[in-house]
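Visitor: Contents of upload.cif (mmCIF, C-alpha atoms and all ligand atoms):
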```cif
data_target
#
loop_
_atom_site.group_PDB
_atom_site.id
_atom_site.type_symbol
_atom_site.label_atom_id
_atom_site.label_comp_id
_atom_site.auth_asym_id
_atom_site.auth_seq_id
_atom_site.Cartn_x
_atom_site.Cartn_y
_atom_site.Cartn_z
ATOM 1 C CA MET L 1 -0.199 3.950 3.841
ATOM 2 C CA PRO L 2 -2.711 6.786 3.336
ATOM 3 C CA GLU L 3 -4.497 4.880 0.532
ATOM 4 C CA PHE L 4 -5.444 2.197 3.021
ATOM 5 C CA PHE L 5 -7.207 4.684 5.283
ATOM 6 C CA GLU L 6 -8.871 6.282 2.302
ATOM 7 C CA ALA L 7 -10.276 2.905 1.261
ATOM 8 C CA VAL L 8 -11.483 2.214 4.823
ATOM 9 C CA GLU L 9 -13.071 5.633 5.199
ATOM 10 C CA THR L 10 -14.765 5.760 1.805
ATOM 11 C CA ARG L 11 -16.123 2.205 1.899
ATOM 12 C CA ARG L 12 -19.838 2.406 2.463
ATOM 13 C CA THR L 13 -22.645 -0.053 2.089
ATOM 14 C CA VAL L 14 -23.992 0.700 -1.372
ATOM 15 C CA ARG L 15 -27.569 -0.265 -2.118
ATOM 16 C CA ASP L 16 -28.004 1.085 -5.640
ATOM 17 C CA PHE L 17 -25.446 0.402 -8.358
ATOM 18 C CA LEU L 18 -24.690 1.698 -11.832
ATOM 19 C CA PRO L 19 -25.053 -0.970 -14.539
ATOM 20 C CA ASP L 20 -21.341 -0.610 -15.510
ATOM 21 C CA PRO L 21 -19.679 -4.022 -15.478
ATOM 22 C CA VAL L 22 -16.830 -4.858 -13.117
ATOM 23 C CA PRO L 23 -13.771 -5.754 -15.228
ATOM 24 C CA ARG L 24 -12.657 -9.313 -14.713
ATOM 25 C CA ASP L 25 -9.092 -8.327 -13.773
ATOM 26 C CA VAL L 26 -10.400 -5.971 -11.057
ATOM 27 C CA LEU L 27 -12.628 -8.674 -9.613
ATOM 28 C CA ASP L 28 -9.800 -11.203 -9.753
ATOM 29 C CA ARG L 29 -7.371 -8.850 -7.961
ATOM 30 C CA CYS L 30 -9.937 -8.263 -5.219
ATOM 31 C CA LEU L 31 -10.680 -11.985 -4.864
ATOM 32 C CA ASP L 32 -6.955 -12.652 -4.619
ATOM 33 C CA ALA L 33 -6.611 -9.933 -1.963
ATOM 34 C CA ALA L 34 -9.438 -11.599 -0.019
ATOM 35 C CA ARG L 35 -7.597 -14.921 -0.178
ATOM 36 C CA LEU L 36 -4.805 -13.293 1.841
ATOM 37 C CA ALA L 37 -7.121 -12.705 4.805
ATOM 38 C CA PRO L 38 -6.085 -14.284 8.101
ATOM 39 C CA SER L 39 -7.939 -17.431 9.139
ATOM 40 C CA SER L 40 -7.958 -19.663 12.170
ATOM 41 C CA SER L 41 -4.962 -22.050 11.871
ATOM 42 C CA ASN L 42 -4.662 -20.772 8.288
ATOM 43 C CA LEU L 43 -7.387 -23.244 7.310
ATOM 44 C CA GLN L 44 -9.115 -20.772 4.953
ATOM 45 C CA PRO L 45 -12.620 -22.222 5.351
ATOM 46 C CA TRP L 46 -14.116 -20.012 2.650
ATOM 47 C CA GLU L 47 -15.242 -20.181 -0.952
ATOM 48 C CA PHE L 48 -16.247 -17.245 -3.168
ATOM 49 C CA VAL L 49 -18.890 -18.123 -5.745
ATOM 50 C CA VAL L 50 -19.210 -15.504 -8.497
ATOM 51 C CA ILE L 51 -22.722 -15.893 -9.843
ATOM 52 C CA ARG L 52 -22.633 -15.284 -13.601
ATOM 53 C CA ASP L 53 -25.310 -17.528 -15.106
ATOM 54 C CA PRO L 54 -28.432 -15.319 -15.656
ATOM 55 C CA GLU L 55 -30.864 -17.937 -14.384
ATOM 56 C CA ALA L 56 -28.762 -18.624 -11.280
ATOM 57 C CA ARG L 57 -28.503 -14.874 -10.794
ATOM 58 C CA ARG L 58 -32.289 -14.475 -10.838
ATOM 59 C CA ALA L 59 -32.625 -17.243 -8.267
ATOM 60 C CA ALA L 60 -29.839 -15.702 -6.175
ATOM 61 C CA ASN L 61 -31.534 -12.304 -6.253
ATOM 62 C CA ALA L 62 -34.726 -13.982 -5.077
ATOM 63 C CA ALA L 63 -32.796 -15.803 -2.316
ATOM 64 C CA CYS L 64 -31.486 -12.355 -1.320
ATOM 65 C CA LEU L 65 -35.141 -11.385 -0.900
ATOM 66 C CA ASP L 66 -34.853 -9.215 -4.020
ATOM 67 C CA GLN L 67 -33.025 -6.587 -2.022
ATOM 68 C CA LEU L 68 -32.171 -3.571 -4.166
ATOM 69 C CA PRO L 69 -28.373 -4.075 -3.969
ATOM 70 C CA ALA L 70 -28.772 -7.625 -5.289
ATOM 71 C CA LYS L 71 -31.110 -6.500 -8.050
ATOM 72 C CA THR L 72 -28.993 -3.564 -9.251
ATOM 73 C CA ALA L 73 -25.412 -4.853 -8.804
ATOM 74 C CA PRO L 74 -23.643 -6.015 -11.979
ATOM 75 C CA VAL L 75 -21.891 -8.731 -9.945
ATOM 76 C CA LEU L 76 -23.191 -10.902 -7.125
ATOM 77 C CA VAL L 77 -20.836 -13.044 -5.069
ATOM 78 C CA ALA L 78 -21.854 -15.668 -2.540
ATOM 79 C CA LEU L 79 -19.287 -16.095 0.196
ATOM 80 C CA VAL L 80 -19.541 -19.625 1.554
ATOM 81 C CA MET L 81 -18.264 -20.911 4.888
ATOM 82 C CA HIS L 82 -17.137 -24.551 4.912
ATOM 83 C CA ARG L 83 -17.058 -26.206 8.317
ATOM 84 C CA ASP L 84 -15.782 -29.522 7.033
ATOM 85 C CA THR L 85 -12.907 -28.677 4.675
ATOM 86 C CA TRP L 86 -10.380 -28.574 7.511
ATOM 87 C CA ARG L 87 -8.903 -31.998 6.754
ATOM 88 C CA ARG L 88 -8.400 -31.285 3.034
ATOM 89 C CA ASN L 89 -6.967 -27.850 3.769
ATOM 90 C CA ARG L 90 -4.759 -29.170 6.564
ATOM 91 C CA ASP L 91 -3.334 -31.725 4.112
ATOM 92 C CA GLU L 92 -2.655 -28.955 1.593
ATOM 93 C CA ILE L 93 -0.814 -26.895 4.223
ATOM 94 C CA LEU L 94 1.330 -29.906 5.084
ATOM 95 C CA ARG L 95 1.969 -30.612 1.400
ATOM 96 C CA VAL L 96 3.147 -27.037 0.807
ATOM 97 C CA PHE L 97 5.304 -27.042 3.946
ATOM 98 C CA GLU L 98 6.907 -30.320 2.861
ATOM 99 C CA SER L 99 7.534 -29.021 -0.655
ATOM 100 C CA ARG L 100 9.552 -26.214 0.926
ATOM 101 C CA GLY L 101 11.800 -28.485 2.959
ATOM 102 C CA PRO L 102 11.706 -30.764 5.966
ATOM 103 C CA LEU L 103 8.651 -30.268 8.144
ATOM 104 C CA ARG L 104 9.431 -28.585 11.463
ATOM 105 C CA LYS L 105 8.499 -30.558 14.545
ATOM 106 C CA SER L 106 6.144 -27.819 15.672
ATOM 107 C CA GLN L 107 4.402 -27.755 12.265
ATOM 108 C CA ALA L 108 3.965 -31.529 12.268
ATOM 109 C CA ALA L 109 2.653 -31.562 15.840
ATOM 110 C CA TYR L 110 0.257 -28.708 15.246
ATOM 111 C CA TYR L 111 -1.271 -29.914 11.989
ATOM 112 C CA ARG L 112 -1.102 -33.669 12.584
ATOM 113 C CA LYS L 113 -2.154 -33.801 16.245
ATOM 114 C CA ILE L 114 -3.614 -30.571 17.579
ATOM 115 C CA ILE L 115 -5.795 -29.696 14.579
ATOM 116 C CA PRO L 116 -7.514 -33.118 14.450
ATOM 117 C CA ALA L 117 -7.978 -32.971 18.238
ATOM 118 C CA ILE L 118 -9.706 -29.622 17.896
ATOM 119 C CA TYR L 119 -11.759 -30.401 14.790
ATOM 120 C CA THR L 120 -12.829 -34.002 15.275
ATOM 121 C CA THR L 121 -16.284 -34.089 16.792
ATOM 122 C CA GLY L 122 -17.201 -37.738 16.168
ATOM 123 C CA PRO L 123 -20.322 -39.163 14.498
ATOM 124 C CA PHE L 124 -23.154 -36.599 14.440
ATOM 125 C CA GLY L 125 -20.877 -34.244 16.412
ATOM 126 C CA LEU L 126 -21.633 -36.240 19.558
ATOM 127 C CA LEU L 127 -18.095 -35.906 20.885
ATOM 128 C CA GLY L 128 -18.314 -32.114 20.694
ATOM 129 C CA PRO L 129 -20.144 -31.288 23.931
ATOM 130 C CA LEU L 130 -17.857 -33.695 25.805
ATOM 131 C CA LYS L 131 -14.716 -32.012 24.396
ATOM 132 C CA ARG L 132 -16.109 -28.600 25.220
ATOM 133 C CA GLY L 133 -17.003 -29.733 28.758
ATOM 134 C CA VAL L 134 -13.547 -31.179 29.329
ATOM 135 C CA SER L 135 -11.938 -27.928 28.099
ATOM 136 C CA ARG L 136 -14.136 -25.940 30.495
ATOM 137 C CA LEU L 137 -13.156 -28.199 33.380
ATOM 138 C CA ILE L 138 -9.412 -27.930 32.668
ATOM 139 C CA SER L 139 -9.823 -24.169 32.327
ATOM 140 C CA LEU L 140 -10.818 -24.006 35.999
ATOM 141 C CA PHE L 141 -7.249 -25.069 36.843
ATOM 142 C CA ARG L 142 -5.094 -23.819 33.972
ATOM 143 C CA PRO L 143 -5.479 -21.958 30.661
ATOM 144 C CA THR L 144 -6.668 -24.296 27.928
ATOM 145 C CA PRO L 145 -7.985 -23.865 24.392
ATOM 146 C CA ASN L 146 -11.596 -24.812 23.741
ATOM 147 C CA PHE L 147 -11.467 -28.286 22.156
ATOM 148 C CA MET L 148 -14.460 -27.408 20.144
ATOM 149 C CA SER L 149 -17.931 -28.716 19.534
ATOM 150 C CA ARG L 150 -19.440 -28.623 16.055
ATOM 151 C CA SER L 151 -21.177 -25.334 16.751
ATOM 152 C CA ASP L 152 -17.909 -23.824 18.034
ATOM 153 C CA ILE L 153 -16.244 -24.882 14.771
ATOM 154 C CA ARG L 154 -19.079 -23.298 12.837
ATOM 155 C CA VAL L 155 -18.611 -20.000 14.669
ATOM 156 C CA MET L 156 -14.862 -20.157 14.134
ATOM 157 C CA ALA L 157 -15.243 -20.794 10.394
ATOM 158 C CA HIS L 158 -17.785 -17.973 10.066
ATOM 159 C CA LYS L 159 -15.361 -15.585 11.837
ATOM 160 C CA SER L 160 -12.546 -16.346 9.424
ATOM 161 C CA THR L 161 -14.855 -16.172 6.410
ATOM 162 C CA ALA L 162 -16.161 -12.755 7.467
ATOM 163 C CA LEU L 163 -12.569 -11.493 7.600
ATOM 164 C CA ALA L 164 -12.168 -12.549 3.971
ATOM 165 C CA ALA L 165 -15.344 -10.584 3.196
ATOM 166 C CA ALA L 166 -13.872 -7.488 4.843
ATOM 167 C CA ALA L 167 -10.631 -7.813 2.876
ATOM 168 C CA PHE L 168 -12.642 -8.261 -0.339
ATOM 169 C CA MET L 169 -14.771 -5.159 0.264
ATOM 170 C CA LEU L 170 -11.756 -3.009 1.123
ATOM 171 C CA ALA L 171 -9.873 -4.247 -1.929
ATOM 172 C CA LEU L 172 -12.875 -3.348 -4.095
ATOM 173 C CA ARG L 173 -12.897 0.113 -2.578
ATOM 174 C CA ALA L 174 -9.175 0.509 -3.227
ATOM 175 C CA GLU L 175 -9.960 -0.299 -6.877
ATOM 176 C CA GLY L 176 -12.705 2.373 -6.936
ATOM 177 C CA TYR L 177 -15.615 -0.133 -6.655
ATOM 178 C CA ASP L 178 -18.311 -0.614 -4.049
ATOM 179 C CA SER L 179 -20.113 -3.412 -2.304
ATOM 180 C CA CYS L 180 -23.035 -4.340 -0.125
ATOM 181 C CA PRO L 181 -22.650 -7.208 2.332
ATOM 182 C CA MET L 182 -25.958 -9.018 2.738
ATOM 183 C CA GLU L 183 -27.042 -11.258 5.543
ATOM 184 C CA GLY L 184 -30.673 -10.803 4.649
ATOM 185 C CA PHE L 185 -31.205 -13.923 2.529
ATOM 186 C CA ASP L 186 -32.957 -17.275 2.607
ATOM 187 C CA PRO L 187 -30.209 -19.684 3.748
ATOM 188 C CA TRP L 188 -32.008 -22.835 2.577
ATOM 189 C CA ARG L 189 -32.700 -21.589 -0.942
ATOM 190 C CA ALA L 190 -29.179 -20.155 -1.160
ATOM 191 C CA ALA L 191 -27.622 -23.483 -0.120
ATOM 192 C CA LYS L 192 -29.753 -25.366 -2.651
ATOM 193 C CA LEU L 193 -28.929 -22.958 -5.480
ATOM 194 C CA LEU L 194 -25.184 -23.214 -4.805
ATOM 195 C CA GLY L 195 -25.318 -26.973 -4.268
ATOM 196 C CA LEU L 196 -23.658 -26.710 -0.874
ATOM 197 C CA PRO L 197 -22.628 -29.875 0.953
ATOM 198 C CA ARG L 198 -23.530 -30.486 4.593
ATOM 199 C CA GLY L 199 -21.470 -28.268 6.883
ATOM 200 C CA ALA L 200 -21.342 -25.436 4.344
ATOM 201 C CA GLU L 201 -23.424 -22.280 4.608
ATOM 202 C CA VAL L 202 -23.553 -18.934 2.887
ATOM 203 C CA ASN L 203 -21.741 -16.528 5.206
ATOM 204 C CA MET L 204 -23.014 -13.523 3.297
ATOM 205 C CA PHE L 205 -23.783 -12.378 -0.217
ATOM 206 C CA LEU L 206 -21.817 -9.471 -1.620
ATOM 207 C CA ALA L 207 -23.292 -7.178 -4.238
ATOM 208 C CA VAL L 208 -20.482 -5.541 -6.191
ATOM 209 C CA GLY L 209 -20.285 -2.636 -8.627
ATOM 210 C CA LYS L 210 -19.990 1.129 -8.803
ATOM 211 C CA ARG L 211 -22.254 3.260 -6.620
ATOM 212 C CA SER L 212 -24.983 5.327 -8.268
ATOM 213 C CA ASP L 213 -25.681 8.760 -6.821
ATOM 214 C CA ARG L 214 -28.486 7.127 -4.794
ATOM 215 C CA GLY L 215 -26.177 4.329 -3.633
ATOM 216 C CA VAL L 216 -25.428 5.493 -0.088
ATOM 217 C CA TRP L 217 -28.630 5.872 1.872
ATOM 218 C CA TRP L 218 -27.465 7.926 4.834
ATOM 219 C CA ASP L 219 -24.402 9.422 6.501
ATOM 220 C CA ARG L 220 -22.456 7.134 8.774
ATOM 221 C CA VAL L 221 -23.776 6.538 12.287
ATOM 222 C CA LEU L 222 -21.051 5.486 14.710
ATOM 223 C CA MET L 223 -21.421 4.359 18.325
ATOM 224 C CA PRO L 224 -19.578 6.603 20.786
ATOM 225 C CA ARG L 225 -15.906 5.644 20.902
ATOM 226 C CA ASP L 226 -15.962 4.839 24.628
ATOM 227 C CA TRP L 227 -18.734 2.261 24.041
ATOM 228 C CA VAL L 228 -16.585 0.295 21.664
ATOM 229 C CA VAL L 229 -12.991 0.844 22.799
ATOM 230 C CA ARG L 230 -11.782 0.246 26.310
ATOM 231 C CA GLU L 231 -8.578 -0.517 28.115
ATOM 232 C CA LEU L 232 -8.088 -2.888 30.986
HETATM 233 C C1 LIG A 301 -22.790 -9.225 8.111
HETATM 234 C C2 LIG A 301 -23.535 -8.059 7.520
HETATM 235 C C3 LIG A 301 -24.781 -8.252 6.975
HETATM 236 C C4 LIG A 301 -25.449 -7.190 6.361
HETATM 237 N N1 LIG A 301 -26.639 -7.438 5.732
HETATM 238 C C5 LIG A 301 -27.222 -6.450 5.023
HETATM 239 C C6 LIG A 301 -28.365 -6.719 4.240
HETATM 240 O O1 LIG A 301 -28.866 -7.845 4.161
HETATM 241 N N2 LIG A 301 -28.910 -5.700 3.537
HETATM 242 C C7 LIG A 301 -28.387 -4.436 3.562
HETATM 243 O O2 LIG A 301 -28.936 -3.553 2.892
HETATM 244 N N3 LIG A 301 -27.284 -4.152 4.288
HETATM 245 C C8 LIG A 301 -26.680 -5.129 5.023
HETATM 246 N N4 LIG A 301 -25.540 -4.874 5.725
HETATM 247 C C9 LIG A 301 -24.975 -3.528 5.702
HETATM 248 C C10 LIG A 301 -25.068 -2.804 7.031
HETATM 249 O O3 LIG A 301 -26.391 -2.359 7.234
HETATM 250 C C11 LIG A 301 -24.069 -1.639 7.020
HETATM 251 O O4 LIG A 301 -22.766 -2.183 6.988
HETATM 252 C C12 LIG A 301 -24.196 -0.744 8.229
HETATM 253 O O5 LIG A 301 -25.431 -0.091 8.229
HETATM 254 C C13 LIG A 301 -23.080 0.289 8.284
HETATM 255 O O6 LIG A 301 -23.037 1.059 7.105
HETATM 256 P P1 LIG A 301 -21.711 1.195 6.232
HETATM 257 O O7 LIG A 301 -21.327 -0.182 5.788
HETATM 258 O O8 LIG A 301 -22.076 2.102 5.091
HETATM 259 O O9 LIG A 301 -20.650 1.801 7.109
HETATM 260 C C14 LIG A 301 -24.874 -5.896 6.354
HETATM 261 C C15 LIG A 301 -23.618 -5.722 6.920
HETATM 262 C C16 LIG A 301 -22.941 -6.782 7.478
HETATM 263 C C17 LIG A 301 -21.557 -6.573 8.029
#
```
Once you've parsed the file, please lay out its structure as structure tokens.
Ligand SMILES: Cc1cc2nc3c(=O)[nH]c(=O)nc-3n(C[C@H](O)[C@H](O)[C@H](O)COP(=O)(O)O)c2cc1C

Guide:
Amino acid sequence: MPEFFEAVETRRTVRDFLPDPVPRDVLDRCLDAARLAPSSSNLQPWEFVVIRDPEARRAANAACLDQLPAKTAPVLVALVMHRDTWRRNRDEILRVFESRGPLRKSQAAYYRKIIPAIYTTGPFGLLGPLKRGVSRLISLFRPTPNFMSRSDIRVMAHKSTALAAAAFMLALRAEGYDSCPMEGFDPWRAAKLLGLPRGAEVNMFLAVGKRSDRGVWWDRVLMPRDWVVREL
């Protein structure tokens, strides 16, 4: 698939955009491509918030520290990580499985027993460190998954959400559009603006549009291959 490599190679972080709007169908196709990203246990802990309202957009730009990509992009998307939607999403997975026919034993065991064991951390997450400690202890004797603490779950949900961001940016590139992922933002103001519940955080903002001729600030800088790829 040469187009795939072309999209990967021509995707750059763009920090200055043309004012041209992003057609709704293009944005929708890219959002739908992002929804296909892999996620831990297929729990899809993400939410894309397309910020359209002008007042919300001004506040979002400010939360993004008025970075140039936020200020110039015709579209700004907040990508939110939800730590606590696992139960709802687990139920949806089971519902879809069941609508397709009898649930397999392995599916039932995984989503009804293993997932709650991994994700339940008790009141205030107090059970978390204990679960993590027990996993570490078992691991001294045999391979075991990490029965996670709240902070482990947070990391896991951020990982999956960032994969959706990558899929989104590559899809945009395949459509001839550009993006800038932004981690430089005020997380408290961003959460307030988006009305996020506890356990949800902005993973990153994504400025989206078409690059201007000042959009790419410098040529790529890559670490030497043998620093980042090794075989054991
Ligand atoms: C998670 C993440 C956060 C980033 N945050 C910002 C940011 O706040 N502002 C910015 O200008 N670029 C940001 N970047 C862009 C990186 O600086 C950029 O990806 C890197 O320099 C490599 O350049 P390239 O994307 O053009 O290959 C971020 C990238 C990632 C993946």

Visitor: Grab the CA of Val49 in chain L to CA of Arg95 in chain L distance for me, in Å with one decimal place.

Guide: 25.3 Å

Visitor: Decode the PyMOL selection byres (((chain L and resi 177-188) around 8) and not hetatm) for the given file into explicit residues and return them as a PyMOL selection string.

Guide: chain L and resi 11-15+63-65+69+169+172-176+189-192+201-211

Visitor: Spell out the residues picked by the PyMOL selection byres (((chain L and resi 152-164) around 6) and not hetatm) here, as a PyMOL selection string.

Guide: chain L and resi 34+37+39+45-46+81+83+148-151+165-167

Visitor: Would you be able to write out as a PyMOL selection string which residues have an atom within 8 Å of (-9.2, -30.2, 7.6) in the file's coordinates, counting all atoms listed in the file?

Guide: chain L and resi 43+84-91+115-116+119

Visitor: Between L:Leu36, L:Leu79, L:Cys30, L:Met1, which has the minimum distance to ligand LIG 301 (chain A) (counting all atoms listed in the file)?

Guide: L:Leu79

Visitor: Find the axis-aligned box for range 173-182 of chain L, covering all its listed atoms and adding 5 Å on each side, and write its centre and edge lengths in Å to one decimal as JSON.

Guide:
```
{"center_x": -17.6, "center_y": -3.3, "center_z": -2.1, "size_x": 26.8, "size_y": 21.4, "size_z": 19.7}
```

Visitor: With the PyMOL selection byres (((chain L and resi 74) around 6) and not hetatm) as the selection, what would be picked from this file? Answer as a list in words, please.

Guide: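 The output of the PyMOL selection byres (((chain L and resi 74) around 6) and not hetatm) on this file is Pro19, Pro21, Ala73, Val75 and Gly209 of chain L.
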
Visitor: Please return as an NGL selection string every residue within 7 Å of (-24.6, 5.8, -8.7), taking into account only C-alpha atoms and the file's own coordinates.

Guide: :L and (16-18 or 210-215)

Visitor: For a test of reading the model, state the distance in Å between CA of Leu170 in chain L and CA of Ala7 in chain L, rounded to one decimal.

Guide: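 It comes out at 6.1 Å.
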
Visitor: Counting all atoms listed in the file, what is within 10 Å of Arg132 in chain L, bar same-chain residues fewer than 2 positions away, as a compact mmCIF listing (two decimals) with C-alpha atoms, keeping the file's coordinate frame?

Guide:
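Okay, this is what ended up in part-v3.txt:
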```txt
# COMPACT_ATOMS: atom_id res chain seq x y z
CA ILE L 118 -9.71 -29.62 17.90
CA LEU L 127 -18.10 -35.91 20.88
CA GLY L 128 -18.31 -32.11 20.69
CA PRO L 129 -20.14 -31.29 23.93
CA LEU L 130 -17.86 -33.70 25.80
CA VAL L 134 -13.55 -31.18 29.33
CA SER L 135 -11.94 -27.93 28.10
CA ARG L 136 -14.14 -25.94 30.50
CA LEU L 137 -13.16 -28.20 33.38
CA PRO L 145 -7.98 -23.86 24.39
CA ASN L 146 -11.60 -24.81 23.74
CA PHE L 147 -11.47 -28.29 22.16
CA MET L 148 -14.46 -27.41 20.14
CA SER L 149 -17.93 -28.72 19.53
CA ARG L 150 -19.44 -28.62 16.06
CA ASP L 152 -17.91 -23.82 18.03
```

Visitor: Can you measure CA of Arg24 in chain L to CA of Ala70 in chain L for me? One decimal in Å is fine.

Guide: 18.7 Å

Visitor: Using all atoms listed in the file for the distances, tell me which of L:Val221, L:Pro2, L:Leu103, L:Leu27 is nearest to ligand LIG 301 (chain A).

Guide: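 Among the listed residues, the smallest separation from ligand LIG 301 (chain A) belongs to L:Val221.
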